[in-house]
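To be precise, the following lines are model-v8.cif, and they hold mmCIF, C-alpha atoms.
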```cif
data_start
#
loop_
_atom_site.label_atom_id
_atom_site.label_comp_id
_atom_site.auth_asym_id
_atom_site.auth_seq_id
_atom_site.Cartn_x
_atom_site.Cartn_y
_atom_site.Cartn_z
CA MET A 2 1.67 -37.65 5.92
CA LYS A 3 3.92 -39.20 3.28
CA ASN A 4 5.47 -36.75 0.84
CA ARG A 5 8.03 -36.49 -1.96
CA VAL A 6 9.89 -33.43 -0.67
CA ARG A 7 13.20 -35.25 -0.05
CA GLU A 8 13.07 -36.94 -3.46
CA LEU A 9 12.35 -33.65 -5.27
CA ARG A 10 14.96 -31.74 -3.25
CA GLU A 11 17.65 -34.32 -3.97
CA ALA A 12 16.71 -34.29 -7.67
CA GLN A 13 17.51 -30.56 -7.66
CA GLY A 14 20.79 -31.21 -5.83
CA TRP A 15 19.85 -28.95 -2.93
CA SER A 16 20.71 -29.49 0.72
CA GLN A 17 18.01 -29.12 3.40
CA GLY A 18 19.60 -25.78 4.31
CA GLU A 19 19.40 -24.51 0.73
CA LEU A 20 15.74 -25.49 0.40
CA ALA A 21 15.06 -23.86 3.78
CA GLU A 22 16.62 -20.59 2.55
CA ARG A 23 14.55 -20.67 -0.63
CA LEU A 24 11.36 -21.11 1.39
CA ASP A 25 12.41 -18.75 4.20
CA VAL A 26 11.97 -21.43 6.87
CA SER A 27 14.40 -23.19 9.20
CA ARG A 28 16.33 -26.31 8.18
CA GLN A 29 14.68 -28.30 10.94
CA THR A 30 11.27 -27.48 9.47
CA ILE A 31 12.36 -29.00 6.15
CA ASN A 32 13.76 -32.02 7.99
CA ALA A 33 10.54 -32.44 10.00
CA ILE A 34 8.43 -32.27 6.80
CA GLU A 35 10.66 -34.74 4.93
CA THR A 36 10.60 -37.25 7.77
CA GLY A 37 6.83 -36.93 8.11
CA LYS A 38 7.07 -35.66 11.70
CA TYR A 39 5.39 -32.41 10.77
CA ASP A 40 2.72 -31.63 8.18
CA PRO A 41 3.18 -28.18 6.63
CA SER A 42 0.43 -25.58 6.59
CA LEU A 43 -1.45 -25.04 3.32
CA PRO A 44 0.53 -21.86 2.41
CA LEU A 45 3.86 -23.65 2.95
CA ALA A 46 2.67 -26.72 1.03
CA PHE A 47 1.73 -24.42 -1.89
CA LYS A 48 5.15 -22.72 -1.69
CA LEU A 49 6.82 -26.13 -1.91
CA ALA A 50 4.62 -27.20 -4.81
CA ARG A 51 5.33 -23.96 -6.71
CA LEU A 52 9.08 -24.23 -6.09
CA PHE A 53 9.22 -27.78 -7.44
CA LYS A 54 6.65 -27.03 -10.17
CA GLN A 55 4.41 -29.85 -8.96
CA ARG A 56 0.74 -30.20 -8.11
CA ILE A 57 0.19 -30.28 -4.36
CA GLU A 58 -1.62 -33.65 -4.46
CA SER A 59 1.29 -35.21 -6.34
CA MET A 60 3.67 -34.15 -3.54
CA PHE A 61 1.61 -35.05 -0.45
CA ASP A 62 -0.31 -38.25 0.14
CA PRO A 63 -2.78 -37.85 3.03
CA ASP A 64 -3.74 -41.55 2.94
CA GLU A 65 -0.25 -42.77 3.79
CA GLU A 66 1.27 -42.25 7.23
CA ARG A 67 5.05 -42.43 7.65
CA MET B 12 6.98 -13.93 6.01
CA THR B 13 9.01 -12.62 3.14
CA HIS B 14 10.39 -14.80 0.39
CA MET B 15 14.17 -14.47 0.14
CA SER B 16 15.70 -13.74 -3.22
CA ALA B 17 18.52 -15.87 -4.60
CA ALA B 18 20.90 -12.89 -4.22
CA ALA B 19 20.04 -12.55 -0.54
CA VAL B 20 20.55 -16.29 -0.12
CA GLY B 21 24.13 -16.08 -1.38
CA LYS B 22 25.20 -13.15 0.87
CA LYS B 23 26.96 -14.35 4.03
CA MET B 24 28.44 -12.57 7.03
CA PRO B 25 31.87 -13.75 8.35
CA MET B 26 30.32 -15.23 11.55
CA ASP B 27 27.86 -17.25 9.41
CA LYS B 28 30.74 -19.39 8.18
CA MET B 29 30.67 -21.09 11.59
CA SER B 30 27.97 -23.40 10.20
CA GLU B 31 30.54 -24.71 7.68
CA TRP B 32 33.00 -25.73 10.40
CA PRO B 33 33.47 -29.43 11.28
CA THR B 34 31.08 -30.76 13.93
CA TRP B 35 33.71 -30.99 16.71
CA LEU B 36 34.76 -27.37 16.12
CA ARG B 37 31.15 -26.12 16.19
CA TRP B 38 30.52 -27.94 19.47
CA SER B 39 33.80 -26.58 20.88
CA ALA B 40 32.75 -23.06 19.87
CA TRP B 41 29.38 -23.62 21.58
CA LEU B 42 31.07 -24.74 24.83
CA VAL B 43 33.54 -21.83 24.70
CA SER B 44 30.60 -19.43 24.17
CA TRP B 45 28.88 -20.75 27.31
CA ALA B 46 32.19 -20.44 29.22
CA VAL B 47 32.61 -16.81 28.08
CA TYR B 48 28.96 -15.98 28.86
CA LEU B 49 28.96 -17.54 32.35
CA GLY B 50 32.50 -16.25 33.00
CA GLY B 51 31.18 -12.72 32.49
CA PHE B 52 28.53 -13.28 35.18
CA ALA B 53 31.16 -14.78 37.52
CA LEU B 54 33.28 -11.62 37.05
CA LEU B 55 30.24 -9.47 37.77
CA LEU B 56 29.48 -11.34 41.01
CA MET B 57 33.08 -11.49 42.27
CA PHE B 58 34.22 -7.92 41.71
CA HIS B 59 32.38 -4.69 42.42
CA SER B 60 34.59 -2.02 40.88
CA LEU B 61 33.13 -0.03 37.98
CA VAL B 62 35.96 -1.01 35.60
CA VAL B 63 35.49 -4.74 36.23
CA GLN B 64 31.71 -4.38 35.96
CA GLY B 65 32.14 -2.73 32.55
CA LEU B 66 34.57 -5.44 31.49
CA ALA B 67 32.20 -8.16 32.74
CA LEU B 68 29.29 -6.65 30.78
CA ALA B 69 31.45 -6.59 27.63
CA VAL B 70 32.41 -10.26 28.20
CA ILE B 71 28.73 -11.24 28.74
CA CYS B 72 27.72 -9.44 25.52
CA MET B 73 30.53 -11.12 23.58
CA GLY B 74 29.44 -14.47 25.05
CA LEU B 75 25.82 -13.84 24.02
CA VAL B 76 26.77 -13.00 20.42
CA LEU B 77 29.05 -16.05 20.20
CA LEU B 78 26.40 -18.25 21.81
CA THR B 79 23.74 -17.13 19.33
CA HIS B 80 25.97 -17.94 16.35
CA ALA B 81 27.36 -21.18 17.82
CA THR B 82 23.89 -22.51 18.76
CA LYS B 83 22.67 -21.91 15.22
CA ALA B 84 25.80 -23.61 13.84
CA VAL B 85 25.40 -26.63 16.16
CA LEU B 86 21.79 -27.05 14.95
CA ASN B 87 22.90 -26.64 11.30
CA GLU B 88 20.77 -23.52 11.00
CA ARG B 89 21.66 -20.22 9.34
CA MET B 90 21.61 -16.80 11.03
CA ARG B 91 18.63 -15.00 9.53
CA LYS B 92 18.10 -11.27 9.27
CA VAL B 93 15.64 -11.42 12.19
CA ASP B 94 18.19 -13.34 14.35
CA ARG B 95 20.78 -10.57 13.81
CA TRP B 96 18.15 -7.90 14.45
CA GLN B 97 17.15 -9.57 17.72
CA VAL B 98 20.78 -9.66 18.93
CA ARG B 99 21.22 -5.98 17.99
CA VAL B 100 18.13 -4.98 20.01
CA VAL B 101 18.41 -7.34 22.99
CA LEU B 102 22.12 -6.70 23.69
CA PRO B 103 21.84 -2.92 24.30
CA ALA B 104 18.63 -3.51 26.30
CA PHE B 105 20.48 -6.05 28.44
CA VAL B 106 23.39 -3.65 29.03
CA VAL B 107 21.00 -0.82 29.98
CA TYR B 108 19.14 -3.19 32.34
CA MET B 109 22.35 -4.31 34.05
CA VAL B 110 23.63 -0.73 34.44
CA LEU B 111 20.26 0.37 35.86
CA MET B 112 20.11 -2.56 38.29
CA LEU B 113 23.74 -2.30 39.39
CA ASP B 114 24.26 1.46 39.55
CA VAL B 115 20.95 3.36 39.44
CA TRP B 116 18.33 1.21 41.18
CA PRO B 117 20.29 0.90 44.48
CA THR B 118 20.27 4.71 44.80
CA TYR B 119 16.47 4.89 45.31
CA SER B 120 16.87 4.82 49.12
CA ARG B 121 18.88 8.09 48.97
CA ILE B 122 16.22 9.91 46.93
CA GLU B 123 13.90 12.26 48.83
CA LEU B 124 11.25 13.12 46.23
CA PRO B 125 8.50 10.42 46.19
CA TRP B 126 7.75 10.74 42.43
CA LEU B 127 11.46 10.49 41.58
CA LYS B 128 11.71 7.46 43.85
CA VAL B 129 8.89 5.77 41.89
CA ILE B 130 10.60 6.58 38.56
CA VAL B 131 13.98 5.22 39.71
CA ALA B 132 12.33 2.11 41.19
CA LEU B 133 10.54 1.39 37.90
CA LEU B 134 13.40 2.30 35.53
CA PRO B 135 14.66 -1.32 35.04
CA LEU B 136 11.24 -2.09 33.56
CA LEU B 137 12.01 -0.05 30.41
CA PRO B 138 14.70 -2.33 28.90
CA LEU B 139 12.56 -5.36 29.81
CA VAL B 140 9.67 -3.89 27.80
CA VAL B 141 12.08 -3.57 24.85
CA VAL B 142 13.14 -7.23 25.28
CA VAL B 143 9.49 -8.40 25.36
CA TRP B 144 8.74 -6.33 22.23
CA ALA B 145 11.83 -7.81 20.50
CA MET B 146 10.68 -11.34 21.42
CA MET B 147 7.19 -10.66 20.02
CA ARG B 148 8.67 -9.33 16.76
CA TYR B 149 11.05 -12.28 16.59
CA MET B 150 8.18 -14.77 16.99
CA ALA B 151 6.23 -13.00 14.25
CA HIS B 152 9.16 -13.64 11.87
CA CYS B 153 9.65 -17.29 12.81
CA ASP B 154 8.33 -20.08 10.63
CA GLU B 155 5.30 -22.19 11.55
CA LEU B 156 7.18 -25.05 13.24
CA GLU B 157 9.27 -22.60 15.29
CA ARG B 158 6.08 -20.81 16.40
CA ARG B 159 4.60 -24.15 17.49
CA GLN B 160 7.79 -24.86 19.47
CA GLN B 161 7.64 -21.43 21.09
CA LEU B 162 3.96 -21.83 21.95
CA GLU B 163 4.80 -25.14 23.64
CA ALA B 164 7.72 -23.48 25.47
CA ILE B 165 5.50 -20.61 26.69
CA GLY B 166 2.91 -23.16 27.86
CA ILE B 167 5.55 -25.17 29.74
CA ALA B 168 6.98 -21.99 31.31
CA ALA B 169 3.52 -20.76 32.40
CA ALA B 170 2.63 -24.18 33.84
CA VAL B 171 5.93 -24.67 35.72
CA VAL B 172 6.12 -21.13 37.16
CA SER B 173 2.45 -21.00 38.19
CA LEU B 174 2.59 -24.47 39.80
CA VAL B 175 5.80 -23.63 41.69
CA GLY B 176 4.29 -20.28 42.72
CA PHE B 177 1.10 -22.01 43.86
CA ALA B 178 3.10 -24.60 45.83
CA LEU B 179 5.12 -21.83 47.51
CA GLY B 180 1.87 -20.00 48.28
CA LEU B 181 0.36 -23.10 49.90
CA LEU B 182 3.48 -23.68 52.01
CA ALA B 183 3.63 -20.01 53.03
CA ALA B 184 -0.10 -19.86 53.87
CA THR B 185 0.26 -22.85 56.19
CA LYS B 186 3.33 -21.13 57.72
CA LEU B 187 5.57 -24.07 56.84
CA ILE B 188 7.98 -21.67 55.09
CA ALA B 189 8.49 -17.92 55.21
CA VAL B 190 8.30 -16.26 51.79
CA ASP B 191 9.35 -12.71 50.96
CA GLY B 192 6.45 -11.50 48.79
CA ALA B 193 8.49 -8.75 47.03
CA LEU B 194 11.25 -11.22 46.16
CA VAL B 195 8.75 -13.76 44.78
CA LEU B 196 7.13 -11.07 42.59
CA LEU B 197 10.58 -9.99 41.35
CA LEU B 198 11.49 -13.57 40.47
CA ILE B 199 8.38 -14.35 38.36
CA PHE B 200 9.68 -12.72 35.15
CA PRO B 201 13.23 -14.18 35.29
CA ALA B 202 11.76 -17.60 36.19
CA LEU B 203 9.42 -17.44 33.18
CA CYS B 204 12.36 -16.45 30.93
CA VAL B 205 14.63 -19.23 32.22
CA VAL B 206 12.00 -22.00 31.93
CA TYR B 207 10.91 -20.68 28.50
CA GLY B 208 14.57 -20.67 27.34
CA LEU B 209 15.15 -24.21 28.60
CA ALA B 210 11.92 -25.46 27.02
CA CYS B 211 12.84 -23.74 23.72
CA GLY B 212 16.28 -25.37 23.78
CA TRP B 213 14.78 -28.78 24.53
CA ASN B 214 12.24 -28.34 21.71
CA ARG B 215 14.90 -27.29 19.21
CA TRP B 216 17.00 -30.30 20.19
CA ARG B 217 14.00 -32.65 19.91
CA TRP B 218 13.19 -31.44 16.38
CA ARG B 219 16.75 -30.85 15.20
CA GLY B 220 16.97 -33.82 12.77
CA ARG B 221 20.20 -34.99 11.23
#
```
Show me, as structure tokens, the structure contained in the file I just sent.
Amino acid sequence: MKNRVRELREAQGWSQGELAERLDVSRQTINAIETGKYDPSLPLAFKLARLFKQRIESMFDPDEER
Amino acid sequence: MTHMSAAAVGKKMPMDKMSEWPTWLRWSAWLVSWAVYLGGFALLLMFHSLVVQGLALAVICMGLVLLTHATKAVLNERMRKVDRWQVRVVLPAFVVYMVLMLDVWPTYSRIELPWLKVIVALLPLLPLVVVVWAMMRYMAHCDELERRQQLEAIGIAAAVVSLVGFALGLLAATKLIAVDGALVLLLIFPALCVVYGLACGWNRWRWRGR
């Protein structure tokens, strides 16, 4: 699933490791989400949306595959 | 899973700074950790005096702590609270297990009382129960991708060990090889742990990203 996590993270000036710490997940999980290799669960997707103050559907596009 | 506060995010232990080292230094630390860890086992196998055994156990423990930190650093991951907790629980359990296996378990043949014999024979099981409990708690604190990786690793370990066991059983039943039943039963748990560990490592490497 295509998403805007990398774009939003870089806009905040955070590294993958910093975002991972804020979400209490591993850095590789952030990397896997950003590269579209892994689709997060609904709770993690909501955590991401809340952290970036975005609506979930504006961050994830289920119609576009990476 | 608990959400970490910004204050907790900023707090770092001295060993955690390993993740800030240059790549070549992190990889060197990882290789040195393996050398220390395996060197401890080599010491344990080569010498049988109590002093050297104690020294070897200390070296193995040091190697395990270094290896845990260095592996995290090589994968660009941080040491979490649950990682430190796991090391603090598994290390003493490992030391107790080794002491029981090396110094207590071999004495069962000299014990007369049958009930005491059973207790001494089963004693090494106690630290293993602690290790299994620590692994279950660790998995409960992992994130969703890590749990998926561990589930895959457990599946691979179960498949490999049961297939190898079944193959050995077929060969033994047809009398093509002679198998010591007690030894095979003793090896099931370590074999599961080794294959699980290898599969976990392979999974972490596959998903590591850059």
Would you translate the PyMOL selection byres ((chain A) within 9 of (chain B)) into the concrete set of residues it matches in this file, as a short mmCIF file (atom, residue, chain, number, x, y, z; two decimals) with C-alpha atoms, in the coordinates of the input?
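part-v7.cif written:
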```
data_model
loop_
_atom_site.label_atom_id
_atom_site.label_comp_id
_atom_site.auth_asym_id
_atom_site.auth_seq_id
_atom_site.Cartn_x
_atom_site.Cartn_y
_atom_site.Cartn_z
CA GLY A 18 19.60 -25.78 4.31
CA GLU A 19 19.40 -24.51 0.73
CA GLU A 22 16.62 -20.59 2.55
CA ARG A 23 14.55 -20.67 -0.63
CA LEU A 24 11.36 -21.11 1.39
CA ASP A 25 12.41 -18.75 4.20
CA VAL A 26 11.97 -21.43 6.87
CA SER A 27 14.40 -23.19 9.20
CA ARG A 28 16.33 -26.31 8.18
CA GLN A 29 14.68 -28.30 10.94
CA THR A 30 11.27 -27.48 9.47
CA ASN A 32 13.76 -32.02 7.99
CA ALA A 33 10.54 -32.44 10.00
CA THR A 36 10.60 -37.25 7.77
CA LYS A 38 7.07 -35.66 11.70
CA TYR A 39 5.39 -32.41 10.77
CA PRO A 41 3.18 -28.18 6.63
CA SER A 42 0.43 -25.58 6.59
CA LEU A 45 3.86 -23.65 2.95
#
```
Figure out the distance between atom CA of B:Met147 and atom CA of B:Val101, please, to one decimal in Å.
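Interatomic distance, atom CA of B:Val101 to atom CA of B:Met147: 12.1 Å.
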Would you list the contacts of stretch 62-72 of chain B as a ChimeraX atom specification, taking every protein, DNA or RNA residue within 12 Å and counting only C-alpha atoms, but skipping same-chain residues closer than 6 positions in sequence?
/B:44-56,78-79,98-110,112-114
List every protein, DNA or RNA residue that has an atom no more than 8 Å from (8.1, -36.1, 3.4) in the file's coordinate frame, counting all atoms listed in the file, and report them as number ranges by chain.
A: 2-7, 33-37, 61
Quick one: distance from atom CA of B:Lys83 to atom CA of A:Asp40 in Å, one decimal?
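Atom CA of B:Lys83 sits 23.3 Å away from atom CA of A:Asp40.
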Please report the interatomic distance between atom CA of B:Met73 and atom CA of B:Pro33 in Å with one decimal.
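Rounded to one decimal, the two atoms are 22.3 Å apart.
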Selection dump of the PyMOL selection byres ((chain B and resi 126-138) around 8), as a list in words:
Ala104, Phe105, Val107, Tyr108, Leu111, Met112, Val115, Trp116, Tyr119, Ser120, Ile122, Glu123, Leu124, Pro125, Leu139, Val140, Val141 and Val142 of chain B
All heavy atoms of stretch 115-126 of chain B, written as a compact mmCIF listing (two decimals), in the first residue's frame:
```
# COMPACT_ATOMS: atom_id res chain seq x y z
N VAL B 115 26.09 -30.35 39.00
CA VAL B 115 25.07 -31.01 39.83
C VAL B 115 24.50 -32.24 39.12
O VAL B 115 24.44 -33.32 39.71
CB VAL B 115 23.93 -30.02 40.20
CG1 VAL B 115 22.88 -30.72 41.06
CG2 VAL B 115 24.50 -28.80 40.92
N TRP B 116 24.10 -32.09 37.88
CA TRP B 116 23.45 -33.18 37.14
C TRP B 116 24.31 -34.46 37.09
O TRP B 116 23.77 -35.54 37.30
CB TRP B 116 23.10 -32.69 35.73
CG TRP B 116 22.04 -33.51 35.07
CD1 TRP B 116 20.70 -33.54 35.39
CD2 TRP B 116 22.21 -34.42 33.99
NE1 TRP B 116 20.04 -34.40 34.57
CE2 TRP B 116 20.94 -34.97 33.69
CE3 TRP B 116 23.30 -34.83 33.23
CZ2 TRP B 116 20.73 -35.89 32.68
CZ3 TRP B 116 23.10 -35.76 32.22
CH2 TRP B 116 21.83 -36.27 31.95
N PRO B 117 25.64 -34.35 36.85
CA PRO B 117 26.44 -35.58 36.80
C PRO B 117 26.48 -36.37 38.11
O PRO B 117 26.87 -37.53 38.12
CB PRO B 117 27.85 -35.08 36.44
CG PRO B 117 27.64 -33.75 35.82
CD PRO B 117 26.45 -33.17 36.51
N THR B 118 26.06 -35.75 39.23
CA THR B 118 26.13 -36.44 40.51
C THR B 118 24.93 -37.39 40.74
O THR B 118 24.89 -38.08 41.75
CB THR B 118 26.17 -35.44 41.69
OG1 THR B 118 24.93 -34.71 41.68
CG2 THR B 118 27.34 -34.49 41.60
N TYR B 119 23.95 -37.39 39.82
CA TYR B 119 22.73 -38.18 40.07
C TYR B 119 23.03 -39.67 40.24
O TYR B 119 22.35 -40.37 40.99
CB TYR B 119 21.69 -37.95 38.97
CG TYR B 119 21.95 -38.73 37.69
CD1 TYR B 119 21.32 -39.94 37.46
CD2 TYR B 119 22.82 -38.25 36.73
CE1 TYR B 119 21.57 -40.66 36.31
CE2 TYR B 119 23.07 -38.95 35.58
CZ TYR B 119 22.45 -40.17 35.37
OH TYR B 119 22.70 -40.87 34.24
N SER B 120 24.11 -40.16 39.58
CA SER B 120 24.42 -41.59 39.67
C SER B 120 24.90 -41.98 41.08
O SER B 120 24.84 -43.15 41.46
CB SER B 120 25.47 -41.97 38.63
OG SER B 120 26.61 -41.16 38.81
N ARG B 121 25.39 -40.99 41.84
CA ARG B 121 25.89 -41.28 43.20
C ARG B 121 24.79 -41.16 44.26
O ARG B 121 25.02 -41.41 45.43
CB ARG B 121 27.05 -40.32 43.54
CG ARG B 121 28.26 -40.50 42.63
CD ARG B 121 29.50 -39.90 43.26
NE ARG B 121 29.41 -38.47 43.42
CZ ARG B 121 29.83 -37.58 42.50
NH1 ARG B 121 30.37 -38.01 41.38
NH2 ARG B 121 29.74 -36.30 42.71
N ILE B 122 23.61 -40.71 43.85
CA ILE B 122 22.52 -40.51 44.81
C ILE B 122 21.73 -41.81 45.00
O ILE B 122 21.40 -42.49 44.01
CB ILE B 122 21.60 -39.36 44.34
CG1 ILE B 122 22.39 -38.04 44.31
CG2 ILE B 122 20.38 -39.21 45.24
CD1 ILE B 122 21.69 -36.90 43.63
N GLU B 123 21.44 -42.12 46.26
CA GLU B 123 20.75 -43.37 46.58
C GLU B 123 19.22 -43.22 46.55
O GLU B 123 18.53 -44.05 45.98
CB GLU B 123 21.16 -43.86 47.98
CG GLU B 123 22.66 -44.13 48.12
CD GLU B 123 23.07 -45.43 47.45
OE1 GLU B 123 22.28 -46.40 47.52
OE2 GLU B 123 24.16 -45.47 46.86
N LEU B 124 18.74 -42.12 47.16
CA LEU B 124 17.29 -41.94 47.29
C LEU B 124 16.63 -41.71 45.92
O LEU B 124 17.02 -40.79 45.20
CB LEU B 124 16.99 -40.73 48.19
CG LEU B 124 17.36 -40.86 49.66
CD1 LEU B 124 17.30 -39.51 50.35
CD2 LEU B 124 16.42 -41.85 50.34
N PRO B 125 15.62 -42.54 45.56
CA PRO B 125 15.00 -42.40 44.23
C PRO B 125 14.37 -41.04 43.99
O PRO B 125 14.51 -40.46 42.92
CB PRO B 125 13.94 -43.51 44.21
CG PRO B 125 14.31 -44.43 45.31
CD PRO B 125 15.07 -43.65 46.32
N TRP B 126 13.65 -40.48 45.01
CA TRP B 126 12.98 -39.18 44.81
C TRP B 126 13.98 -38.05 44.63
O TRP B 126 13.76 -37.14 43.84
CB TRP B 126 12.01 -38.88 45.98
CG TRP B 126 12.67 -38.77 47.33
CD1 TRP B 126 12.84 -39.77 48.22
CD2 TRP B 126 13.24 -37.60 47.92
NE1 TRP B 126 13.48 -39.32 49.34
CE2 TRP B 126 13.74 -37.99 49.19
CE3 TRP B 126 13.38 -36.27 47.54
CZ2 TRP B 126 14.37 -37.09 50.05
CZ3 TRP B 126 14.00 -35.37 48.39
CH2 TRP B 126 14.50 -35.78 49.63
```
